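K.L.:
Dumping the structure here so I can ask a few things about it.
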Amino acid sequence: MAGAAFSILTMMKDEGPRLLEWLAYHRLIGFDRVWVYSNNCRDGSDHMLDRLDAMGLCRHTRNDVPAGKKPQPHALTLGQKNDALLDTDWLIVMDADEFLHVHAGDGTVKALLAACPDGTEGVAVNWRMMGACGIEDWSEAPLLGQFTHGAPDGFRRGWGVKTLFRPFPDLKLGIHRPNVKGARRDPARRAALLQQRWVNGSGIPMPPGFMAEGWRGSAATTGYALAEIAHFAVQSAEAYLLRGDRGNVNLKPNKYDATYFAIFDRNELARPGLSDWVEPVAAQVADWLRDPDLAQHHAASVRWHRMRRDTLRQAPEWAAHMAALKKAASVPYEDLDTLLFPQPLTAAGKKMVTDMQAKGVPEAAIAKAVSQAVSKLEAVRDAREAAELRAMGITPPGDRTG
């Protein structure tokens, strides 16, 4: 198998209704090889992926996860051992609810790289969290025309990255960015990592602090001028509850609760750019669906999701869940720090929350304490990475005027 120019590694479960939209879009913007590791599909999307593999449109592997293992890390391990997957000029690890939205040139991955400085070896592209746009009902309609608003640039919780990079020796794959095996204990390998030339989504070089261990932007390193990752993390209210019913790739209990929805259902900024791709994506999908086997599997997947939605609608707790999401969607952007959201905290942070809860501290007071503690840590990182950029001869965003 000849090497690819641009490759994606992704994990999927129960993605059938919108799988073709995601695949068509990324092939249209220039990815010529897509590796999919599926696990425990209930909706028949694994059969869709088998057919797409036979049609030469992706490479599909069933991720048979051993007991006690998590689907996502296990898939990354399998991918890392796949020499054919790594035989590519550029690689990015993405989820099926993430779309690489290129603003440069004609919107293709080639245009993104052409706009980056010569010698770029990695592009750390920030998320743009996309909201539900007030839509409650689930449908199989494509994402790109439905959900056209997202978070403002300053939404720090949405500054995570996905990294498009050139594979390198001693590579260790990660969901947000690659690393070098043994970099923490081997100075030479750490030096090799720090010497790589990565830029952010505006084409600005990344500082050593990020290169060493970062997976999300800071006030000094976040940028959207050339590209962003449109992250459709919530979609409609019903789609969000269906996602919770599916589970998650890291087996986190109760991950998709109302607080998560309140925080990531961001609609403050119009981001309609991906709508430009609706018609070409639809045409590509329609062409693929001329294949009778693929069409049959796709239709079966859509039916499964409709039936699952209808079944869940009959559950006694469904109305309460929907009401909770409606209430969550009404929380103003400026009040998000009043919500207690311990999921992304470190072990020490989660212990602080647990200790305060055990002492009977009100939830609002805990949320405020967490927000203050996180803000102090983030301010330190912002200042450190800004200083590193200055040392590199680069003016951080906060130093620029006009």
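How things are named: the first chain in the structure tokens is A, the next is B, and so on; residues count from 1 in each chain; ligands count from 1 in the order shown.
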With only C-alpha atoms counted and 12 Å as the cut-off, give the residues of segment 110-143 of chain A in contact with segment 12-34 of chain A, each with its shortest interatomic distance in Å and the pair that gives it, as a tab-separated table.
P.N.:
residue	atom	partner	partner_atom	distance
A:Lys110	CA	A:Gly30	CA	7.1
A:Ala111	CA	A:Ile29	CA	9.3
A:Leu112	CA	A:Ile29	CA	10.2
A:Leu113	CA	A:Gly30	CA	11.5
A:Trp138	CA	A:Pro17	CA	11.0
A:Ser139	CA	A:Pro17	CA	8.8
A:Glu140	CA	A:Pro17	CA	5.6
A:Ala141	CA	A:Arg18	CA	7.9
A:Pro142	CA	A:Arg18	CA	6.4
A:Leu143	CA	A:Arg18	CA	7.6
K.L.:
Pull N, CA, C and O atoms from the residues just selected and write them as a CSV table (one decimal), in the first residue's frame.
P.N.:
chain,number,residue,atom,x,y,z
A,110,LYS,N,-4.4,21.3,2.0
A,110,LYS,CA,-3.3,21.9,1.3
A,110,LYS,C,-3.2,23.4,1.5
A,110,LYS,O,-2.1,23.9,1.6
A,111,ALA,N,-4.3,24.0,1.4
A,111,ALA,CA,-4.3,25.5,1.6
A,111,ALA,C,-3.9,25.9,3.0
A,111,ALA,O,-3.2,26.9,3.1
A,112,LEU,N,-4.3,25.1,4.0
A,112,LEU,CA,-3.9,25.4,5.3
A,112,LEU,C,-2.4,25.4,5.4
A,112,LEU,O,-1.7,26.3,6.0
A,113,LEU,N,-1.8,24.3,5.0
A,113,LEU,CA,-0.3,24.1,5.1
A,113,LEU,C,0.4,25.1,4.2
A,113,LEU,O,1.5,25.6,4.6
A,138,TRP,N,-34.1,15.3,17.6
A,138,TRP,CA,-33.0,14.6,16.9
A,138,TRP,C,-33.6,14.3,15.4
A,138,TRP,O,-34.7,14.1,15.2
A,139,SER,N,-32.7,14.5,14.5
A,139,SER,CA,-33.0,14.0,13.1
A,139,SER,C,-31.7,13.6,12.5
A,139,SER,O,-30.6,13.9,13.0
A,140,GLU,N,-31.8,12.9,11.3
A,140,GLU,CA,-30.6,12.4,10.6
A,140,GLU,C,-30.1,13.5,9.7
A,140,GLU,O,-29.2,13.3,8.9
A,141,ALA,N,-30.7,14.7,9.7
A,141,ALA,CA,-30.2,15.8,8.8
A,141,ALA,C,-28.8,16.1,9.1
A,141,ALA,O,-28.3,16.0,10.2
A,142,PRO,N,-28.0,16.5,8.1
A,142,PRO,CA,-26.6,16.8,8.2
A,142,PRO,C,-26.3,17.8,9.3
A,142,PRO,O,-27.2,18.7,9.5
A,143,LEU,N,-25.2,17.7,9.9
A,143,LEU,CA,-24.8,18.7,10.9
A,143,LEU,C,-24.5,20.1,10.4
A,143,LEU,O,-24.9,21.1,11.0
K.L.:
Would you please give, as a PyMOL selection string, all residues of segment 216-338 of chain A that DSSP assigns to alpha helix (DSSP H) based on the backbone?
P.N.:
chain A and resi 237-246+258-264+278-288+292-313+318-329
K.L.:
For Tyr37 of chain A, please output as a list in words all residues within 6 Å (counting only C-alpha atoms; exclusion window: fewer than 2 positions along the same chain).
P.N.:
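So, after excluding close chain neighbours, the residues are Met11, Thr61, Arg62 and Asn63 of chain A.
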K.L.:
For the interface of segment 154-265 of chain A with segment 93-107 of chain A (cut-off 8 Å, counting only C-alpha atoms), please tabulate each contacting residue of segment 154-265 of chain A alongside its nearest pair of atoms and their separation in Å to one decimal, rows sorted by chain and increasing number, as CSV.
P.N.:
residue,atom,partner,partner_atom,distance
A:Lys162,CA,A:Val93,CA,6.9
A:Thr163,CA,A:Val93,CA,7.2
A:Leu164,CA,A:Val93,CA,7.8
A:Gly174,CA,A:Val93,CA,7.5
A:Ile175,CA,A:Val93,CA,5.9
A:His176,CA,A:Val93,CA,7.1
A:Arg177,CA,A:Val93,CA,7.8
A:Ala225,CA,A:His103,CA,6.8
A:Leu226,CA,A:His103,CA,5.0
A:Ala227,CA,A:Val102,CA,4.3
A:Glu228,CA,A:His101,CA,5.3
A:Ile229,CA,A:Leu100,CA,4.7
A:Ala230,CA,A:Phe99,CA,5.1
A:His231,CA,A:Glu98,CA,4.6
A:Phe232,CA,A:Asp97,CA,5.2
A:Ala233,CA,A:Asp97,CA,6.4
K.L.:
At what distance in Å, to one decimal, does atom CA of Leu52 of chain A lie from atom CA of His297 of chain A?
P.N.:
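A separation of 10.5 Å between them.
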K.L.:
Show me, as a list in words, the residues that have an atom within 10 Å of segment 357-371 of chain A when counting only C-alpha atoms, minus same-chain residues fewer than 4 positions from it.
P.N.:
Leu336, Asp337, Thr338, Leu339, Leu340, Phe341, Pro342, Leu345, Gly349, Lys350, Lys351, Met352, Val353, Ser375 and Lys376 of chain A
K.L.:
Please list as a PyMOL selection string every residue within 9 Å of segment 147-153 of chain A, counting only C-alpha atoms and excluding residues in the same chain fewer than 3 positions away.
P.N.:
chain A and resi 128-133+135+143-144+156+158-159+222-224+230-232+235-236+264-275
